[in-house]
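Structure file my_file24.pdb (PDB, C-alpha atoms) is printed below.
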```pdb
ATOM      1  CA  MET A 771      99.657 117.060  91.877
ATOM      2  CA  ASN A 772      99.167 120.103  89.621
ATOM      3  CA  LEU A 773     101.970 121.856  91.473
ATOM      4  CA  VAL A 774     104.266 118.877  90.863
ATOM      5  CA  PHE A 775     103.496 118.816  87.125
ATOM      6  CA  LYS A 776     104.030 122.569  86.926
ATOM      7  CA  ALA A 777     107.344 122.260  88.764
ATOM      8  CA  LEU A 778     108.567 119.376  86.615
ATOM      9  CA  SER A 779     107.533 120.967  83.329
ATOM     10  CA  ASP A 780     110.451 123.403  83.378
ATOM     11  CA  PRO A 781     113.915 122.142  82.284
ATOM     12  CA  THR A 782     115.753 124.469  84.696
ATOM     13  CA  ARG A 783     113.810 123.172  87.664
ATOM     14  CA  ARG A 784     114.406 119.614  86.512
ATOM     15  CA  GLN A 785     118.116 120.356  86.281
ATOM     16  CA  ILE A 786     118.034 121.733  89.827
ATOM     17  CA  LEU A 787     116.441 118.492  91.001
ATOM     18  CA  GLN A 788     119.048 116.435  89.143
ATOM     19  CA  LEU A 789     121.827 118.410  90.837
ATOM     20  CA  LEU A 790     120.212 117.973  94.242
ATOM     21  CA  ARG A 791     120.025 114.242  93.632
ATOM     22  CA  LYS A 792     123.827 114.089  93.946
ATOM     23  CA  LYS A 793     124.166 116.205  97.100
ATOM     24  CA  PRO A 794     122.448 118.999  98.997
ATOM     25  CA  MET A 795     123.379 122.456  97.758
ATOM     26  CA  ASN A 796     122.775 126.016  98.772
ATOM     27  CA  ALA A 797     121.489 128.701  96.418
ATOM     28  CA  GLY A 798     125.016 129.955  95.670
ATOM     29  CA  GLU A 799     126.319 126.540  94.681
ATOM     30  CA  LEU A 800     123.276 125.900  92.499
ATOM     31  CA  SER A 801     123.535 129.265  90.765
ATOM     32  CA  GLU A 802     127.051 128.340  89.539
ATOM     33  CA  HIS A 803     125.438 125.776  87.238
ATOM     34  CA  PHE A 804     123.048 128.230  85.595
ATOM     35  CA  ALA A 805     123.507 131.352  83.528
ATOM     36  CA  ILE A 806     120.447 133.044  84.956
ATOM     37  CA  ALA A 807     119.855 135.762  87.512
ATOM     38  CA  LYS A 808     119.760 134.762  91.185
ATOM     39  CA  SER A 809     116.291 136.269  91.529
ATOM     40  CA  THR A 810     115.031 134.030  88.714
ATOM     41  CA  LEU A 811     116.620 131.031  90.383
ATOM     42  CA  SER A 812     115.025 132.054  93.654
ATOM     43  CA  ALA A 813     111.604 131.977  91.954
ATOM     44  CA  HIS A 814     112.376 128.455  90.733
ATOM     45  CA  PHE A 815     113.240 127.404  94.305
ATOM     46  CA  ALA A 816     109.935 128.836  95.502
ATOM     47  CA  ILE A 817     108.022 126.742  92.959
ATOM     48  CA  LEU A 818     109.952 123.611  93.923
ATOM     49  CA  ARG A 819     109.294 124.234  97.604
ATOM     50  CA  GLU A 820     105.618 124.898  96.953
ATOM     51  CA  ALA A 821     105.390 121.539  95.151
ATOM     52  CA  ASP A 822     107.129 119.887  98.134
ATOM     53  CA  LEU A 823     109.919 118.581  95.899
ATOM     54  CA  VAL A 824     112.730 120.131  97.918
ATOM     55  CA  GLU A 825     113.305 120.755 101.592
ATOM     56  CA  ALA A 826     115.097 123.890 102.761
ATOM     57  CA  HIS A 827     117.438 123.783 105.765
ATOM     58  CA  LYS A 828     118.618 127.042 107.213
ATOM     59  CA  THR A 829     122.033 127.108 108.880
ATOM     60  CA  GLY A 830     122.870 130.640 109.914
ATOM     61  CA  THR A 831     122.262 132.717 106.815
ATOM     62  CA  VAL A 832     122.753 129.832 104.383
ATOM     63  CA  ILE A 833     119.753 127.912 103.081
ATOM     64  CA  THR A 834     120.619 124.409 101.899
ATOM     65  CA  TYR A 835     118.205 122.589  99.626
ATOM     66  CA  ILE A 836     117.668 118.829  99.909
ATOM     67  CA  LEU A 837     115.797 116.699  97.378
ATOM     68  CA  LYS A 838     112.446 115.403  98.662
ATOM     69  CA  VAL A 839     110.700 113.522  95.870
ATOM     70  CA  SER A 840     108.407 110.529  96.170
ATOM     71  CA  VAL A 841     109.027 107.461  94.019
ATOM     72  CA  LEU A 842     106.269 108.494  91.607
ATOM     73  CA  GLU A 843     107.647 112.033  91.348
ATOM     74  CA  GLU A 844     111.098 110.591  90.680
ATOM     75  CA  ALA A 845     109.623 108.481  87.872
ATOM     76  CA  LEU A 846     107.815 111.553  86.504
ATOM     77  CA  LEU A 847     111.078 113.509  86.650
ATOM     78  CA  ALA A 848     112.882 110.788  84.714
ATOM     79  CA  PHE A 849     110.039 110.642  82.190
ATOM     80  CA  ALA A 850     109.948 114.419  81.704
ATOM     81  CA  GLU A 851     113.730 114.407  81.319
ATOM     82  CA  THR A 852     113.657 111.587  78.742
ATOM     83  CA  VAL A 853     110.841 113.094  76.721
ATOM     84  CA  GLY A 854     112.299 116.573  77.125
ATOM     85  CA  VAL A 855     109.142 118.283  78.338
ATOM     86  CA  GLY A 856     109.357 122.055  77.922
ATOM     87  CA  LEU A 857     112.655 121.978  76.056
ATOM     88  CA  SER A 858     111.352 123.211  72.708
ATOM     89  CA  ARG A 859     109.230 125.950  74.236
ATOM     90  CA  PRO A 860     110.560 127.030  77.637
ATOM     91  CA  MET A 861     107.810 128.372  79.878
ATOM     92  CA  PRO A 862     108.264 132.050  80.739
ATOM     93  CA  LEU A 863     108.979 132.263  84.458
ATOM     94  CA  ARG A 864     106.495 135.104  84.911
ATOM     95  CA  LYS A 865     103.750 132.782  83.723
ATOM     96  CA  ALA A 866     105.039 129.823  85.709
ATOM     97  CA  THR A 867     105.195 131.680  89.013
ATOM     98  CA  GLY A 868     101.905 133.434  88.366
ATOM     99  CA  LYS A 869     103.428 136.728  89.570
ATOM    100  CA  ALA A 870     103.387 140.006  87.683
ATOM    101  CA  ARG A 871     106.667 141.858  87.548
TER     102      ARG A 871
ATOM    103  CA  MET B 347     100.372 107.854 119.774
ATOM    104  CA  ILE B 348      98.902 107.530 116.298
ATOM    105  CA  ASP B 349      96.025 109.791 115.285
ATOM    106  CA  ARG B 350      92.985 109.225 117.439
ATOM    107  CA  LYS B 351      90.587 108.399 114.587
ATOM    108  CA  PRO B 352      92.609 105.544 113.018
ATOM    109  CA  LEU B 353      93.511 104.284 116.497
ATOM    110  CA  TRP B 354      89.854 104.031 117.606
ATOM    111  CA  PHE B 355      88.940 102.536 114.249
ATOM    112  CA  LEU B 356      91.571  99.808 114.669
ATOM    113  CA  ILE B 357      90.650  99.122 118.303
ATOM    114  CA  LEU B 358      86.946  98.765 117.435
ATOM    115  CA  LEU B 359      87.804  96.609 114.438
ATOM    116  CA  CYS B 360      89.996  94.368 116.594
ATOM    117  CA  LEU B 361      87.218  93.995 119.192
ATOM    118  CA  ALA B 362      84.615  93.239 116.506
ATOM    119  CA  MET B 363      86.876  90.666 114.840
ATOM    120  CA  THR B 364      87.648  88.992 118.175
ATOM    121  CA  ALA B 365      83.938  88.933 119.057
ATOM    122  CA  ALA B 366      83.123  87.391 115.657
ATOM    123  CA  ALA B 367      85.815  84.738 116.171
ATOM    124  CA  VAL B 368      84.534  83.902 119.679
ATOM    125  CA  TRP B 369      80.951  83.745 118.378
ATOM    126  CA  ARG B 370      81.980  81.368 115.581
ATOM    127  CA  LEU B 371      83.875  79.139 117.993
ATOM    128  CA  SER B 372      80.952  79.101 120.421
ATOM    129  CA  LEU B 373      78.901  77.357 117.715
ATOM    130  CA  LEU B 374      81.384  74.492 117.544
ATOM    131  CA  PRO B 375      81.339  71.462 119.852
ATOM    132  CA  ASP B 376      85.156  71.399 119.745
ATOM    133  CA  TRP B 377      87.014  74.624 118.970
ATOM    134  CA  THR B 378      90.094  72.714 117.821
ATOM    135  CA  GLN B 379      88.063  71.139 114.991
ATOM    136  CA  MET B 380      86.670  73.970 112.891
ATOM    137  CA  PRO B 381      85.332  72.748 109.530
ATOM    138  CA  MET B 382      86.842  74.556 106.570
ATOM    139  CA  PRO B 383      85.865  73.693 102.996
ATOM    140  CA  THR B 384      88.795  73.740 100.573
ATOM    141  CA  PRO B 385      89.031  72.913  96.841
ATOM    142  CA  ARG B 386      90.291  69.469  97.923
ATOM    143  CA  GLY B 387      87.296  68.806 100.186
ATOM    144  CA  MET B 388      86.348  69.478 103.806
ATOM    145  CA  VAL B 389      89.202  69.781 106.290
ATOM    146  CA  THR B 390      89.312  70.787 109.934
ATOM    147  CA  ARG B 391      91.446  73.583 111.312
ATOM    148  CA  SER B 392      92.116  74.866 114.799
ATOM    149  CA  GLY B 393      89.769  77.689 115.773
ATOM    150  CA  LEU B 394      92.835  79.734 116.681
ATOM    151  CA  VAL B 395      93.256  80.703 113.012
ATOM    152  CA  LEU B 396      90.359  83.130 113.551
ATOM    153  CA  PHE B 397      92.495  85.099 116.007
ATOM    154  CA  ILE B 398      95.332  85.705 113.540
ATOM    155  CA  GLN B 399      93.575  88.688 111.933
ATOM    156  CA  PRO B 400      92.807  90.505 115.241
ATOM    157  CA  LEU B 401      96.422  89.889 116.272
ATOM    158  CA  CYS B 402      97.561  91.430 112.982
ATOM    159  CA  VAL B 403      95.466  94.522 113.797
ATOM    160  CA  LEU B 404      97.162  94.760 117.214
ATOM    161  CA  PHE B 405     100.537  94.395 115.496
ATOM    162  CA  THR B 406      99.600  97.222 113.098
ATOM    163  CA  ILE B 407      98.815  99.481 116.084
ATOM    164  CA  ALA B 408     102.142  98.551 117.704
ATOM    165  CA  ALA B 409     104.092  99.053 114.471
ATOM    166  CA  LEU B 410     102.542 102.475 113.953
ATOM    167  CA  ASP B 411     103.358 103.438 117.506
ATOM    168  CA  ALA B 412     107.014 102.407 117.123
ATOM    169  CA  PRO B 413     108.237 105.816 115.818
ATOM    170  CA  LYS B 414     106.841 107.412 118.984
ATOM    171  CA  TRP B 415     108.868 104.973 121.079
ATOM    172  CA  LEU B 416     112.004 105.593 119.025
ATOM    173  CA  ASP B 417     111.537 109.350 119.024
ATOM    174  CA  SER B 418     113.583 111.343 121.483
ATOM    175  CA  ARG B 419     110.788 113.778 122.319
ATOM    176  CA  PRO B 420     107.290 114.755 121.139
ATOM    177  CA  ASN B 421     107.697 116.952 118.109
ATOM    178  CA  GLU B 422     105.942 118.399 115.083
ATOM    179  CA  ALA B 423     107.692 115.966 112.712
ATOM    180  CA  LEU B 424     106.062 112.996 114.401
ATOM    181  CA  ALA B 425     102.619 114.615 114.232
ATOM    182  CA  THR B 426     103.160 115.279 110.501
ATOM    183  CA  LEU B 427     104.284 111.677 110.024
ATOM    184  CA  TYR B 428     101.094 110.343 111.578
ATOM    185  CA  ARG B 429      98.947 112.787 109.597
ATOM    186  CA  ARG B 430     100.532 111.602 106.342
ATOM    187  CA  ILE B 431     100.109 107.880 107.000
ATOM    188  CA  ARG B 432      96.680 108.001 108.670
ATOM    189  CA  LEU B 433      95.034 106.102 105.779
ATOM    190  CA  VAL B 434      97.513 103.218 105.984
ATOM    191  CA  PRO B 435      96.201 101.707 109.266
ATOM    192  CA  MET B 436      92.603 102.107 108.143
ATOM    193  CA  ALA B 437      93.224 100.375 104.798
ATOM    194  CA  THR B 438      95.167  97.599 106.546
ATOM    195  CA  GLY B 439      92.337  97.163 109.062
ATOM    196  CA  VAL B 440      89.699  96.932 106.328
ATOM    197  CA  LEU B 441      91.745  94.326 104.435
ATOM    198  CA  LEU B 442      92.205  92.223 107.579
ATOM    199  CA  ALA B 443      88.497  92.510 108.449
ATOM    200  CA  LEU B 444      87.565  91.293 104.949
ATOM    201  CA  MET B 445      89.918  88.323 105.355
ATOM    202  CA  GLN B 446      88.331  87.517 108.727
ATOM    203  CA  ALA B 447      84.808  87.772 107.276
ATOM    204  CA  PHE B 448      85.801  85.467 104.411
ATOM    205  CA  LEU B 449      87.274  82.865 106.795
ATOM    206  CA  ILE B 450      84.212  82.862 109.068
ATOM    207  CA  SER B 451      81.732  82.711 106.197
ATOM    208  CA  ARG B 452      83.669  79.819 104.627
ATOM    209  CA  SER B 453      83.723  77.921 107.918
ATOM    210  CA  LEU B 454      79.942  78.432 108.153
ATOM    211  CA  GLY B 455      79.536  76.932 104.689
ATOM    212  CA  HIS B 456      78.827  80.167 102.795
ATOM    213  CA  GLY B 457      80.527  81.578  99.738
ATOM    214  CA  PHE B 458      81.220  78.302  97.990
ATOM    215  CA  GLY B 459      80.823  80.078  94.677
ATOM    216  CA  LEU B 460      83.922  82.089  95.460
ATOM    217  CA  ASN B 461      87.198  80.566  94.428
ATOM    218  CA  PRO B 462      89.510  80.762  97.490
ATOM    219  CA  VAL B 463      92.611  80.779  95.275
ATOM    220  CA  ALA B 464      91.274  83.746  93.308
ATOM    221  CA  ILE B 465      90.354  85.508  96.580
ATOM    222  CA  ALA B 466      93.889  84.912  97.900
ATOM    223  CA  ARG B 467      95.379  86.289  94.679
ATOM    224  CA  ILE B 468      93.131  89.362  94.806
ATOM    225  CA  GLY B 469      94.066  89.876  98.460
ATOM    226  CA  MET B 470      97.781  89.651  97.585
ATOM    227  CA  THR B 471      97.337  92.103  94.715
ATOM    228  CA  VAL B 472      95.528  94.617  96.945
ATOM    229  CA  THR B 473      98.281  94.212  99.565
ATOM    230  CA  GLY B 474     100.863  94.833  96.824
ATOM    231  CA  ILE B 475      99.072  98.018  95.769
ATOM    232  CA  MET B 476      98.997  99.178  99.394
ATOM    233  CA  ILE B 477     102.735  98.463  99.745
ATOM    234  CA  ILE B 478     103.420 100.508  96.590
ATOM    235  CA  MET B 479     101.350 103.419  97.916
ATOM    236  CA  GLN B 480     103.180 103.321 101.239
ATOM    237  CA  GLY B 481     106.564 103.045  99.549
ATOM    238  CA  ASN B 482     105.760 105.993  97.338
ATOM    239  CA  ILE B 483     105.284 108.344 100.289
ATOM    240  CA  ILE B 484     108.256 107.114 102.362
ATOM    241  CA  PRO B 485     110.661 109.742 100.878
ATOM    242  CA  LYS B 486     108.138 112.457 101.747
ATOM    243  CA  LEU B 487     107.834 111.500 105.397
ATOM    244  CA  PRO B 488     109.432 113.892 107.862
ATOM    245  CA  ARG B 489     112.673 113.045 109.617
ATOM    246  CA  VAL B 490     111.985 111.959 113.183
ATOM    247  CA  PRO B 491     114.980 112.319 115.515
ATOM    248  CA  SER B 492     115.601 109.109 117.423
ATOM    249  CA  ARG B 493     116.617 108.558 121.034
ATOM    250  CA  PHE B 494     119.198 106.065 119.735
ATOM    251  CA  ALA B 495     122.341 107.639 118.289
ATOM    252  CA  ALA B 496     122.754 104.807 115.779
ATOM    253  CA  LEU B 497     119.397 105.658 114.207
ATOM    254  CA  ASN B 498     119.977 109.413 114.171
ATOM    255  CA  LEU B 499     120.696 110.570 110.649
ATOM    256  CA  ASP B 500     121.198 114.166 109.578
ATOM    257  CA  PRO B 501     118.630 115.629 107.111
ATOM    258  CA  TRP B 502     120.697 114.678 104.033
ATOM    259  CA  GLN B 503     121.441 111.142 105.230
ATOM    260  CA  SER B 504     117.829 110.704 106.230
ATOM    261  CA  ALA B 505     116.545 111.947 102.845
ATOM    262  CA  ARG B 506     118.887 109.571 100.967
ATOM    263  CA  SER B 507     117.982 106.667 103.202
ATOM    264  CA  ARG B 508     114.240 107.309 102.822
ATOM    265  CA  ARG B 509     114.531 107.640  99.033
ATOM    266  CA  PHE B 510     116.203 104.239  98.878
ATOM    267  CA  ALA B 511     113.666 102.697 101.278
ATOM    268  CA  GLY B 512     110.811 104.126  99.190
ATOM    269  CA  ARG B 513     112.176 102.662  95.968
ATOM    270  CA  MET B 514     112.767  99.274  97.598
ATOM    271  CA  THR B 515     109.255  99.199  99.053
ATOM    272  CA  VAL B 516     107.698 100.059  95.685
ATOM    273  CA  VAL B 517     109.718  97.272  94.021
ATOM    274  CA  LEU B 518     108.558  94.890  96.779
ATOM    275  CA  GLY B 519     104.931  95.858  96.091
ATOM    276  CA  LEU B 520     105.397  95.310  92.368
ATOM    277  CA  ALA B 521     107.031  91.935  93.064
ATOM    278  CA  GLU B 522     104.095  90.948  95.260
ATOM    279  CA  ILE B 523     101.600  91.868  92.530
ATOM    280  CA  ALA B 524     103.629  89.970  89.918
ATOM    281  CA  GLY B 525     103.859  86.990  92.281
ATOM    282  CA  ALA B 526     100.114  87.084  93.017
ATOM    283  CA  ILE B 527      99.385  86.924  89.296
ATOM    284  CA  LEU B 528     102.083  84.550  88.075
ATOM    285  CA  LEU B 529     103.255  82.238  90.901
ATOM    286  CA  PRO B 530     101.506  79.185  92.347
ATOM    287  CA  LEU B 531      99.740  80.046  95.624
ATOM    288  CA  ARG B 532     102.129  78.055  97.835
ATOM    289  CA  ALA B 533     105.181  79.771  96.354
ATOM    290  CA  ILE B 534     103.786  83.323  96.769
ATOM    291  CA  THR B 535     103.994  83.447 100.574
ATOM    292  CA  VAL B 536     107.550  82.070 100.678
ATOM    293  CA  THR B 537     108.719  84.332  97.832
ATOM    294  CA  VAL B 538     107.154  87.469  99.335
ATOM    295  CA  LEU B 539     108.554  86.642 102.769
ATOM    296  CA  MET B 540     112.050  86.081 101.364
ATOM    297  CA  LEU B 541     111.860  89.276  99.299
ATOM    298  CA  THR B 542     110.624  91.264 102.322
ATOM    299  CA  LEU B 543     113.580  90.021 104.387
ATOM    300  CA  VAL B 544     116.047  90.792 101.585
ATOM    301  CA  PHE B 545     114.602  94.274 101.007
ATOM    302  CA  CYS B 546     114.486  95.072 104.742
ATOM    303  CA  GLY B 547     118.122  93.949 104.967
ATOM    304  CA  ALA B 548     119.013  96.147 101.990
ATOM    305  CA  ILE B 549     117.279  99.153 103.559
ATOM    306  CA  ILE B 550     119.135  98.681 106.868
ATOM    307  CA  TRP B 551     122.444  98.102 105.038
ATOM    308  CA  ASN B 552     121.909 101.301 103.022
ATOM    309  CA  MET B 553     121.079 103.239 106.208
ATOM    310  CA  VAL B 554     124.329 102.084 107.833
ATOM    311  CA  ARG B 555     126.291 102.897 104.640
ATOM    312  CA  VAL B 556     124.769 106.381 104.381
ATOM    313  CA  LYS B 557     125.432 107.093 108.057
ATOM    314  CA  ARG B 558     129.108 106.199 107.630
ATOM    315  CA  GLU B 559     129.577 108.578 104.700
ATOM    316  CA  PRO B 560     130.565 112.130 105.569
ATOM    317  CA  SER B 561     127.600 114.442 105.236
ATOM    318  CA  PRO B 562     127.933 117.395 102.823
ATOM    319  CA  LEU B 563     125.695 119.485 105.062
ATOM    320  CA  PRO B 564     127.414 122.337 106.948
TER     321      PRO B 564
END
```

Go ahead and express the file in the form of structure tokens.
Amino acid sequence: MNLVFKALSDPTRRQILQLLRKKPMNAGELSEHFAIAKSTLSAHFAILREADLVEAHKTGTVITYILKVSVLEEALLAFAETVGVGLSRPMPLRKATGKAR
Amino acid sequence: MIDRKPLWFLILLCLAMTAAAVWRLSLLPDWTQMPMPTPRGMVTRSGLVLFIQPLCVLFTIAALDAPKWLDSRPNEALATLYRRIRLVPMATGVLLALMQAFLISRSLGHGFGLNPVAIARIGMTVTGIMIIMQGNIIPKLPRVPSRFAALNLDPWQSARSRRFAGRMTVVLGLAEIAGAILLPLRAITVTVLMLTLVFCGAIIWNMVRVKREPSPLP
């Protein structure tokens, strides 16, 4: 559950989940919606996959992400979105991923 | 086949419940006239009511084995599915065993201090909680390819369908809890049954609708 809270605490990751709610997207399509580096986005995907919130499907060289949230996680996502968790003080990705650059 | 541990647990539970029912009936001169105290006084019921719970356990085993029958081949997804839901059959079995124990003890004249209406309401509430817990994990369950083309959804269609089914099941559980608390006992069963049928219909309708839509997956 900690992984889910960590994943949902970041507005970018929440936005990714909101986009995936509409349709499955690959990394390229998702990156068009964000003004951040692809490597940063890739780290976000890793966190979402680790929390089991998205499912990755590989077709050739393209990885398509599909939303995979339980009902409770969906409610938590909506709550975090409404309250705006992490909006005032965005969590540095280095800290969120736990990896040193 | 479902995981071995829950399967053996359910089989043993079913045997124990059947043995308890047979033992109780053996004490009666006429098995069709089992005394059962109710708030309105003593009534007699057919001894067959004691076999409903063991039959429900058998039905649970069959229902859990259904994905295996629908599946086109043994695969990892099915094993994951059974791993994820292994607590469901055990919880269902325990609930049914408690109901059986309550029925037998009542027919033997014990537990008069317990209010049967309150017990029924508590049972309904626990069932509602179990339904919510099951519904919550439905979207997380792996996609199991089916041997029937009509049931075969691609990963996106399957994810959408399961998300909808999960939400519907959680709402059904909440409705059951609300009904158990607020409705008169006679109305609960009918209401829950009607809601279950409506929600199952909605889930199937959504599955058909999703399958008809073109998939955005490459």

For a quick test of understanding: name the residues of chain A lying within 12 Å of chain B when counting all atoms listed in the file, and present them as a PyMOL selection string. chain A and resi 790-796+821-845

With a distance cut-off of 8 Å and all atoms listed in the file, select the neighbouring residues of Pro435 (chain B), excluding the residue or stretch itself and same-chain residues fewer than 3 positions from it, and output the selection as a PyMOL selection string. chain B and resi 352+356+406-407+410+431-432+438-439

Any chance you could resolve the PyMOL selection byres ((chain A and resi 774) around 10) against this file and give the residues as a list of chain:residue names?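 Applied to this file, the PyMOL selection byres ((chain A and resi 774) around 10) returns A:Met771, A:Asn772, A:Leu773, A:Phe775, A:Lys776, A:Ala777, A:Leu778, A:Ser779, A:Ile817, A:Leu818, A:Arg819, A:Glu820, A:Ala821, A:Asp822, A:Leu823, A:Val839, A:Glu843, A:Leu846, A:Leu847.
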
Would you pick out the contacts of Gly469 (chain B) at 9 Å or less, using all atoms listed in the file, so that residues sharing its chain but fewer than 3 positions from it are not included, and give the list as number ranges by chain? B: 441, 445, 464-466, 472-474, 526

Extract, using only C-alpha atoms, all DNA, RNA and protein residues at most 12 Å from Ala366 (chain B), discarding same-chain residues fewer than 3 positions from it, and format them as number ranges by chain. B: 359-363, 369-373, 393, 396-397, 399-400, 443, 446-451

Write to file, as a tab-separated table (two decimals), keeping the file's coordinate frame, the residues of the selection just made, with C-alpha atoms.
```tsv
chain	number	residue	atom	x	y	z
B	359	LEU	CA	87.80	96.61	114.44
B	360	CYS	CA	90.00	94.37	116.59
B	361	LEU	CA	87.22	94.00	119.19
B	362	ALA	CA	84.62	93.24	116.51
B	363	MET	CA	86.88	90.67	114.84
B	369	TRP	CA	80.95	83.74	118.38
B	370	ARG	CA	81.98	81.37	115.58
B	371	LEU	CA	83.88	79.14	117.99
B	372	SER	CA	80.95	79.10	120.42
B	373	LEU	CA	78.90	77.36	117.72
B	393	GLY	CA	89.77	77.69	115.77
B	396	LEU	CA	90.36	83.13	113.55
B	397	PHE	CA	92.50	85.10	116.01
B	399	GLN	CA	93.58	88.69	111.93
B	400	PRO	CA	92.81	90.50	115.24
B	443	ALA	CA	88.50	92.51	108.45
B	446	GLN	CA	88.33	87.52	108.73
B	447	ALA	CA	84.81	87.77	107.28
B	448	PHE	CA	85.80	85.47	104.41
B	449	LEU	CA	87.27	82.86	106.80
B	450	ILE	CA	84.21	82.86	109.07
B	451	SER	CA	81.73	82.71	106.20
```

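Once the PyMOL selection byres ((chain B and resi 392) around 10) is applied to this file, the selection holds Leu371, Asp376, Trp377, Thr378, Gln379, Met380, Pro381, Met382, Thr390, Arg391, Gly393, Leu394, Val395 and Leu396 of chain B.
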